[in-house]
Amino acid sequence: MNPLFAVRDLLRERRVATTGQLATELKLPREVVDDVLAHWQRRGLIESEIVETGGGCGIGSRSSCGGCNGCETVKTITADIPSISAYRWLGPH
Amino acid sequence: MNKNSGEVSIAQSVASLAQGECAEVSFLGGGKIMTQRLAMLGIRPGVTICVLHGPGGRGAVLRVGGTRVALGRGVIEKILVNPEIRTRPSEAAE
Amino acid sequence: MTQKSRLPGANRPEKTPVVAVAGNPNCGKTTLFNLLTGARQKVGNWPGVTVEYRSGVANIDGQRMSVVDLPGVYSLLGGGGADQDVARTYLVHGDADLVLNIVDASNLERHLAMTFELMQVGRPMVMVLNMVDEAEAMGLLPNPERLSEALGIPVVPMVARTGRGQAQLVEAITAALADPPVVHTHVFEPAIENPLRGLRAVMPGRTYAEKRFEALRLVEDVVDTETPEIAEALKNTREAIESLTGEDAADAVAGYRFGWAHDTARKGIGFRHKHRADNTMTERVDKIVLSDLLGVPIFLAVLYSVFVVSFSGGNIFLDFFDQTSATLLIDGVGHLLLSLGVPDWLTAITAGGIGGGLNLVFTFVPPIGLTFVFLALLEDSGYMARAAYAMDRLMRKMGLPGNALVPMIVGFGCNVPAIMGSRIIEDPRGRLLTVLMQPFMSCSARLTIYMAFAVVFFRENGGQVVFALYLLGIVVAFLTAFLIGRTAVKGEAMPFIMELPPYRLPSVRNVLLQAWQRLKVFLLRVGRVIAAIGLVLFILPGIGWTGNGIATTDIDHSLLAQGSRALAPLFAPMGVEPDNWPAVSGLIAGAAAKEIVIGTLNGIYQRQNSEDQMARYRDPDIVGQLYDALMTIPANTVAFLSTLGDPLGLQAMSSNESATQASGASNATLAAIAAGFTPLSAFAYLVFVLLYVPCASTMGALKREVGTGWMLFSITYGVGLGWGAATVIYQAGTFAEHPLASAGWIIAVLAALGLLIVTLRYYGNRQALRPRQHLVGEQP
């Protein structure tokens with residue numbers, strides 16, 4: 001198997017996937033998948049994207065804010081650091 | 001079982017997991033420095049973490065890959081996990 | 001670029017072989033480098049330890065070689081910044097005779113990507129398969145023989161941290177230098193290798209490998225070319241690779257590398273069913289050590305034992321070090337100088353001043369060295385990270401990181417290792433605060449002063465008074481951290497994020513090396529300061545200002561006496577009578593070392609120099625004194641065993657004789673102290689002794705760890721605080737006698753404190769405006 005092309009093919013099929021998913025499915029070390037994804041990102045075929053935390057407000061059950069739309073903490077967090085979570089395929093299908 | 005990380009319903013923090021539980025990290029809150037330090041130790045969105053000790057007032061000890069990472073209370077509250085992919089595998093708890 | 005490659009040993013007279021250590025970050029590269037070059041380098045895992053390009057000399061099997069530690073990088077090709085440029089330039093153009101490629105066995109596939117690139121360089125290579133223990137713990141089975149077969153180069157399995165496999169490595173290095181292994185650069189498939197040939201032919205460069213490597217960087221699209229001839233050849237090569245492989249040339253080349261690493265890793269590492277004996281052990285211990293109930297008590301118990309063993313145990317050898325170094329450095333040097341015909345005054349200054357200062361440094365080697373050994377032991381065993389986690393919540397409430405408690409406890413013994421031990425704290429803000437707390441921890445040297453005063457004034461409740469002083473020190477230390485953390489260096493304690501390594505048996509080599517590194521810093525840097533101050537203190541009591549210039553005088557008319565008399569009014573508000581100038585002299589001497597306060601008082605109060613040093617220089621009994629020094633060891637061992645339960649030595653308070661003995665003061669001195677103080681002024685004096693500058697060594701350590709600015713702050717702050725506290729205590733105690741004056745003094749002290757807070761806050765706000773201000777001065 002060739003990790004570089006295996007990751008590319010799987011991501012092309014899935015459109016979006018996280019490093020963890022790719023690594024588990026292909027039985028590859030995470031670090032290798034990270035390196036592979038860095039290659040494809042440099043080559044402009046994929047992009048990283050921010051996973052929305054949805055309508056739920058994050059800080060678990062201990063969150064001090066009641067309504068989810070009014071949760072300031074998550075808004076600040078989301079605005080603060082765009083956390084890379086998943087990779088999206090940009091190339092042809 | 002075909003999980004799509006694009007749609008996550010209700011995110012919970014690591015603080016709401018129980019000892020022995022595992023879950024996939026969905027989002028890292030907190031500042032840039034914290035996110036970087038967590039990433040250095042392998043805690044990134046998409047990674048599965050298991051709670052080895054705690055969570056309690058001190059924080060929690062997590063297993064990430066093959067390593068153990070101790071995190072303070074303030075940190076575990078800012079790590080959001082995907083509760084749908086939350087599991088309780090026997091081997092992780094040890 | 002080419003100049004850089006000539007850095008290490010470029011103009012060596014005879015050919016010393018050069019070994020370059022290359023690998024990814026965090027795979028034990030620095031540990032390996034230290035293992036090869038010995039104690040001349042620092043071991044540790046501070047972030048960014050190998051950003052510098054470093055080299056050292058190794059003596060391997062009787063052969064001298066220079067070892068170059070290359071920056072840790074993930075790839076040599078490009079896009080990795082200055083570190084990568086240095087590493088690539090050196091490997092391609094430099095003079096390395098052998099490349100040691102260190103890889104992490106638990107993460108082999110990733111590390112092999114760089115191995116592939118290193119092989120392209122074509123230099124003789126040996127692979128170090130490091131951390132095989134961790135790979136085994138993860139259920140992997142490293143197979144160095146098969147890996148070596150697949151790579152065509154020698155592979156040495158190692159655990160660099162413990163030195164396991166070192167002998168095999170030495171053998172491999174010697175063999176590889178004698179008979180360099182040929183590295184096959186043609187590792188690509190023909191569909192890539194053949195088209196590459198055309199591009200290589202037109203590349204500039206001195207060597208074949210250099211041309212080939214630059215050609216690869218072009219094909220992989222990490223660099224561009226502006227030469228039309230090369231651009232044309234590059235276009236042809238790319239097209240040929242694409243038509244042969246069906247992929248973009250850059251992808252085909254990278255893809256081959258990933259595939260090669262994947263296949264090679266599978267050959268080199270076997271799998272085994274999950275076997276977690278180690279983990280279960282670690283987890284079982286963690287259950288207890290990290291538990292909510294026992295975590296803190298266990299930590300305190302561990303630290304208490306470290307404290308007892310270091311200081312009481314260190315005392316066994318303290319007299320030996322003291323007397324041996326005194327015999328050799330003072331009497332021995334004095335005798336040598338006199339017999340060489342050196343004038344008396346110069347002999348006196350050199351032996352008594354500088355030698356006496358160095359004698360003081362050596363006296364503290366046993367307790368300080370032992371503390372360093374135990375700290376390294378705790379770090380290496382994996383417990384220190386747990387202790388930090390266990391204490392984090394408690395310490396965070398005071399704005400400090402969890403591991404700040406370790407230096408504080410050490411500080412009870414001696415402030416110097418405490419300040420240097422603060423390095424275990426990663427976060428610069430937390431480290432600065434912790435360092436600034438240390439001077440207030442009441443060290444064992446201050447105990448001698450407490451003892452002398454307790455015997456005279458607090459016979460009934462001496463234990464309580466001494467305990468109150470210790471407590472006051474702790475309170476002031478925490479208040480200091482709280483105050484400065486809220487004003488001058490605002491900010492939260494860093495969020496607690498720390499890897500908990502598996503427990504392991506500490507490696508003796510690592511522990512000793514680490515302890516020695518720290519002790520060496522103490523001896524060299526701090527020793528210089530003590531020697532200089534010792535010299536000044538030796539001269540001051542012996543010379544004075546007479547009618548016609550500076551001349552030697554008796555102590556009453558010396559500069560020390562004159563200076564002390566001039567300063568005495570400053571200490572009047574805290575109850576030091578103007579004619580009690582020896583008390584002030586004691587404080588001046590105490591700024592150099594607390595151990596000599598009582599000695600100074602002894603010397604002055606008794607108006608005599610105990611013996612004629614010159615006579616001893618002329619006719620020293622070196623052998624006899626060394627024998628006496630040696631004999632202190634068994635005597636102190638017995639004493640140690642009988643006081644195991646009382647590390648502070650408070651029991652000595654119970655009887656007059658033993659307390660006198662513990663303080664080292666003569667009965668005449670005690671009588672003089674009794675005449676010069678009242679119990680209240682004695683207590684105020686002790687409070688001042690507790691809080692003002694600990695000693696010259698501490699100043700040296702402060703300067704080294706937090707820079708001159710913060711050292712000066714710490715000194716001023718300590719003196720001011722000590723003076724303020726002592727004044728408030730004395731004035732409050734004598735309030736009834738002169739209410740107006742007392743109230744005035746107390747209000748003035750409180751106002752000064754308020755002013756300090758405002759100033760610190762102003763400083764903090766100004767710092768906050770500057771982007772990324774460094775809290776801690778540059779380390780030398």
# chains A, B, ... in the order shown; residues from 1 in each chain; ligands from 1

call {"tool": "residues_around", "arguments": {"residues": "C:Leu244", "least_positions_apart": "6", "cutoff": "10 Å", "atoms": "only C-alpha atoms", "output": "list of chain:residue names"}}
result
C:Pro190, C:Ala191, C:Ile192, C:Pro195, C:Arg238, C:Ala252

call {"tool": "residues_around", "arguments": {"residues": "A:Arg88", "least_positions_apart": "2", "cutoff": "6 Å", "atoms": "only C-alpha atoms", "output": "number ranges by chain"}}
result
A: 15-16, 46-47

call {"tool": "residues_around", "arguments": {"residues": "stretch 33-37 of chain A", "least_positions_apart": "2", "cutoff": "8 Å", "atoms": "only C-alpha atoms", "output": "PyMOL selection string"}}
result
chain A and resi 3-4+7+19+22-23+28-31+39-41+46

call {"tool": "write_last_selection", "arguments": {"atoms": "N, CA and C atoms", "output": "PDB file, in the first residue's frame"}}
result
ATOM      1  N   PRO A   3       0.804   4.985   1.305  1.00  0.00           N
ATOM      2  CA  PRO A   3       0.020   5.879   2.173  1.00  0.00           C
ATOM      3  C   PRO A   3      -0.396   7.161   1.485  1.00  0.00           C
ATOM      4  N   LEU A   4       0.493   7.741   0.668  1.00  0.00           N
ATOM      5  CA  LEU A   4       0.181   9.027   0.040  1.00  0.00           C
ATOM      6  C   LEU A   4      -1.073   8.915  -0.818  1.00  0.00           C
ATOM      7  N   VAL A   7      -4.456   7.677   1.199  1.00  0.00           N
ATOM      8  CA  VAL A   7      -5.165   8.750   1.899  1.00  0.00           C
ATOM      9  C   VAL A   7      -5.916   9.620   0.895  1.00  0.00           C
ATOM     10  N   THR A  19      -8.371  13.460  10.550  1.00  0.00           N
ATOM     11  CA  THR A  19      -7.141  12.668  10.573  1.00  0.00           C
ATOM     12  C   THR A  19      -7.368  11.341  11.276  1.00  0.00           C
ATOM     13  N   LEU A  22      -9.207   8.832   9.053  1.00  0.00           N
ATOM     14  CA  LEU A  22      -8.346   8.313   7.983  1.00  0.00           C
ATOM     15  C   LEU A  22      -7.344   7.316   8.552  1.00  0.00           C
ATOM     16  N   ALA A  23      -6.748   7.686   9.691  1.00  0.00           N
ATOM     17  CA  ALA A  23      -5.718   6.831  10.285  1.00  0.00           C
ATOM     18  C   ALA A  23      -6.314   5.490  10.699  1.00  0.00           C
ATOM     19  N   LEU A  28      -3.057   3.369   9.605  1.00  0.00           N
ATOM     20  CA  LEU A  28      -1.772   4.064   9.489  1.00  0.00           C
ATOM     21  C   LEU A  28      -1.533   4.865  10.769  1.00  0.00           C
ATOM     22  N   PRO A  29      -0.261   5.087  11.110  1.00  0.00           N
ATOM     23  CA  PRO A  29      -0.003   5.959  12.263  1.00  0.00           C
ATOM     24  C   PRO A  29      -0.525   7.365  11.980  1.00  0.00           C
ATOM     25  N   ARG A  30      -1.062   7.990  13.001  1.00  0.00           N
ATOM     26  CA  ARG A  30      -1.603   9.351  12.856  1.00  0.00           C
ATOM     27  C   ARG A  30      -0.583  10.316  12.281  1.00  0.00           C
ATOM     28  N   GLU A  31       0.668  10.213  12.785  1.00  0.00           N
ATOM     29  CA  GLU A  31       1.694  11.164  12.363  1.00  0.00           C
ATOM     30  C   GLU A  31       1.938  11.067  10.871  1.00  0.00           C
ATOM     31  N   HIS A  39       1.193  17.212   2.737  1.00  0.00           N
ATOM     32  CA  HIS A  39       1.623  17.188   1.340  1.00  0.00           C
ATOM     33  C   HIS A  39       0.476  17.612   0.418  1.00  0.00           C
ATOM     34  N   TRP A  40      -0.672  17.016   0.611  1.00  0.00           N
ATOM     35  CA  TRP A  40      -1.794  17.315  -0.289  1.00  0.00           C
ATOM     36  C   TRP A  40      -2.306  18.740  -0.098  1.00  0.00           C
ATOM     37  N   GLN A  41      -2.159  19.228   1.127  1.00  0.00           N
ATOM     38  CA  GLN A  41      -2.576  20.607   1.359  1.00  0.00           C
ATOM     39  C   GLN A  41      -1.638  21.564   0.614  1.00  0.00           C
ATOM     40  N   ILE A  46      -6.471  19.566  -1.119  1.00  0.00           N
ATOM     41  CA  ILE A  46      -7.392  19.476   0.020  1.00  0.00           C
ATOM     42  C   ILE A  46      -7.288  20.754   0.841  1.00  0.00           C
TER      43      ILE A  46
END

call {"tool": "interface_residues", "arguments": {"of": "chain C", "to": "chain A", "cutoff": "8 Å", "atoms": "only C-alpha atoms", "output": "MDAnalysis selection string"}}
result
chainID C and resid 107 109:110 254:256 258:259 262

call {"tool": "write_last_selection", "arguments": {"atoms": "N, CA and C atoms", "output": "mmCIF file, in the first residue's frame"}}
result
data_model
loop_
_atom_site.group_PDB
_atom_site.id
_atom_site.type_symbol
_atom_site.label_atom_id
_atom_site.label_comp_id
_atom_site.auth_asym_id
_atom_site.auth_seq_id
_atom_site.Cartn_x
_atom_site.Cartn_y
_atom_site.Cartn_z
ATOM 1 N N ASN C 107 7.755 5.055 16.508
ATOM 2 C CA ASN C 107 7.103 5.869 15.478
ATOM 3 C C ASN C 107 7.932 5.785 14.206
ATOM 4 N N GLU C 109 7.682 4.579 11.075
ATOM 5 C CA GLU C 109 7.284 4.897 9.707
ATOM 6 C C GLU C 109 7.468 6.377 9.401
ATOM 7 N N ARG C 110 7.079 7.209 10.354
ATOM 8 C CA ARG C 110 7.224 8.632 10.115
ATOM 9 C C ARG C 110 8.695 9.042 10.035
ATOM 10 N N ALA C 254 7.138 12.076 -3.896
ATOM 11 C CA ALA C 254 6.727 12.020 -2.486
ATOM 12 C C ALA C 254 6.037 10.693 -2.190
ATOM 13 N N GLY C 255 5.207 10.265 -3.122
ATOM 14 C CA GLY C 255 4.472 9.013 -2.923
ATOM 15 C C GLY C 255 5.426 7.844 -2.779
ATOM 16 N N TYR C 256 6.493 7.849 -3.585
ATOM 17 C CA TYR C 256 7.444 6.759 -3.470
ATOM 18 C C TYR C 256 8.079 6.757 -2.095
ATOM 19 N N PHE C 258 6.828 7.935 0.768
ATOM 20 C CA PHE C 258 5.867 7.447 1.769
ATOM 21 C C PHE C 258 5.712 5.925 1.692
ATOM 22 N N GLY C 259 5.633 5.417 0.459
ATOM 23 C CA GLY C 259 5.465 3.975 0.279
ATOM 24 C C GLY C 259 6.679 3.220 0.789
ATOM 25 N N HIS C 262 6.705 3.174 4.494
ATOM 26 C CA HIS C 262 5.668 2.259 4.979
ATOM 27 C C HIS C 262 6.154 0.809 4.906
#

call {"tool": "residues_around", "arguments": {"residues": "stretch 24-40 of chain B", "least_positions_apart": "5", "cutoff": "6 Å", "atoms": "only C-alpha atoms", "output": "PyMOL selection string"}}
result
(chain A and resi 77) or (chain B and resi 45-48+78-82)

call {"tool": "residues_around", "arguments": {"residues": "C:Ala249", "least_positions_apart": "4", "cutoff": "7 Å", "atoms": "only C-alpha atoms", "output": "ChimeraX atom specification"}}
result
/C:219,238,241-242,253

call {"tool": "closest_atom_pairs", "arguments": {"of": "chain C", "to": "chain B", "cutoff": "7 Å", "atoms": "only C-alpha atoms", "output": "Markdown table"}}
result
| residue | atom | partner | partner_atom | distance |
| --- | --- | --- | --- | --- |
| C:Met138 | CA | B:Gly66 | CA | 6.8 |
| C:Tyr389 | CA | B:Ala70 | CA | 6.9 |
| C:Arg393 | CA | B:Arg58 | CA | 5.7 |
| C:Pro495 | CA | B:Val75 | CA | 6.2 |
| C:Phe496 | CA | B:Gly72 | CA | 4.6 |
| C:Ile497 | CA | B:Leu71 | CA | 4.7 |
| C:Met498 | CA | B:Ala70 | CA | 5.3 |
| C:Glu499 | CA | B:Val69 | CA | 4.3 |
| C:Leu500 | CA | B:Arg68 | CA | 5.2 |
| C:Pro501 | CA | B:Arg68 | CA | 6.8 |

call {"tool": "write_last_selection", "arguments": {"atoms": "N, CA and C atoms", "output": "CSV table (one decimal), in the first residue's frame"}}
result
chain,number,residue,atom,x,y,z
C,138,MET,N,4.6,-0.6,23.9
C,138,MET,CA,3.4,-0.4,23.1
C,138,MET,C,3.0,-1.7,22.4
C,389,TYR,N,1.0,17.7,39.2
C,389,TYR,CA,-0.4,17.5,39.0
C,389,TYR,C,-1.2,17.5,40.3
C,393,ARG,N,-3.8,22.2,42.0
C,393,ARG,CA,-5.0,23.0,42.3
C,393,ARG,C,-4.8,23.9,43.5
C,495,PRO,N,-2.3,27.1,32.0
C,495,PRO,CA,-3.1,25.9,32.1
C,495,PRO,C,-2.2,24.7,32.3
C,496,PHE,N,-2.7,23.8,33.2
C,496,PHE,CA,-1.8,22.6,33.4
C,496,PHE,C,-1.9,21.6,32.4
C,497,ILE,N,-0.9,21.4,31.6
C,497,ILE,CA,-0.8,20.4,30.5
C,497,ILE,C,0.5,19.7,30.6
C,498,MET,N,0.5,18.5,31.0
C,498,MET,CA,1.8,17.8,31.1
C,498,MET,C,1.7,16.3,30.8
C,499,GLU,N,2.7,15.8,30.1
C,499,GLU,CA,2.7,14.4,29.9
C,499,GLU,C,3.2,13.7,31.1
C,500,LEU,N,2.5,12.6,31.4
C,500,LEU,CA,3.0,11.8,32.6
C,500,LEU,C,3.7,10.6,32.0
C,501,PRO,N,5.1,10.6,32.1
C,501,PRO,CA,5.8,9.5,31.5
C,501,PRO,C,5.6,8.2,32.3

call {"tool": "atom_distance", "arguments": {"atom1": "atom CA of C:Ile474", "atom2": "atom CA of C:Trp581"}}
result
29.7 Å
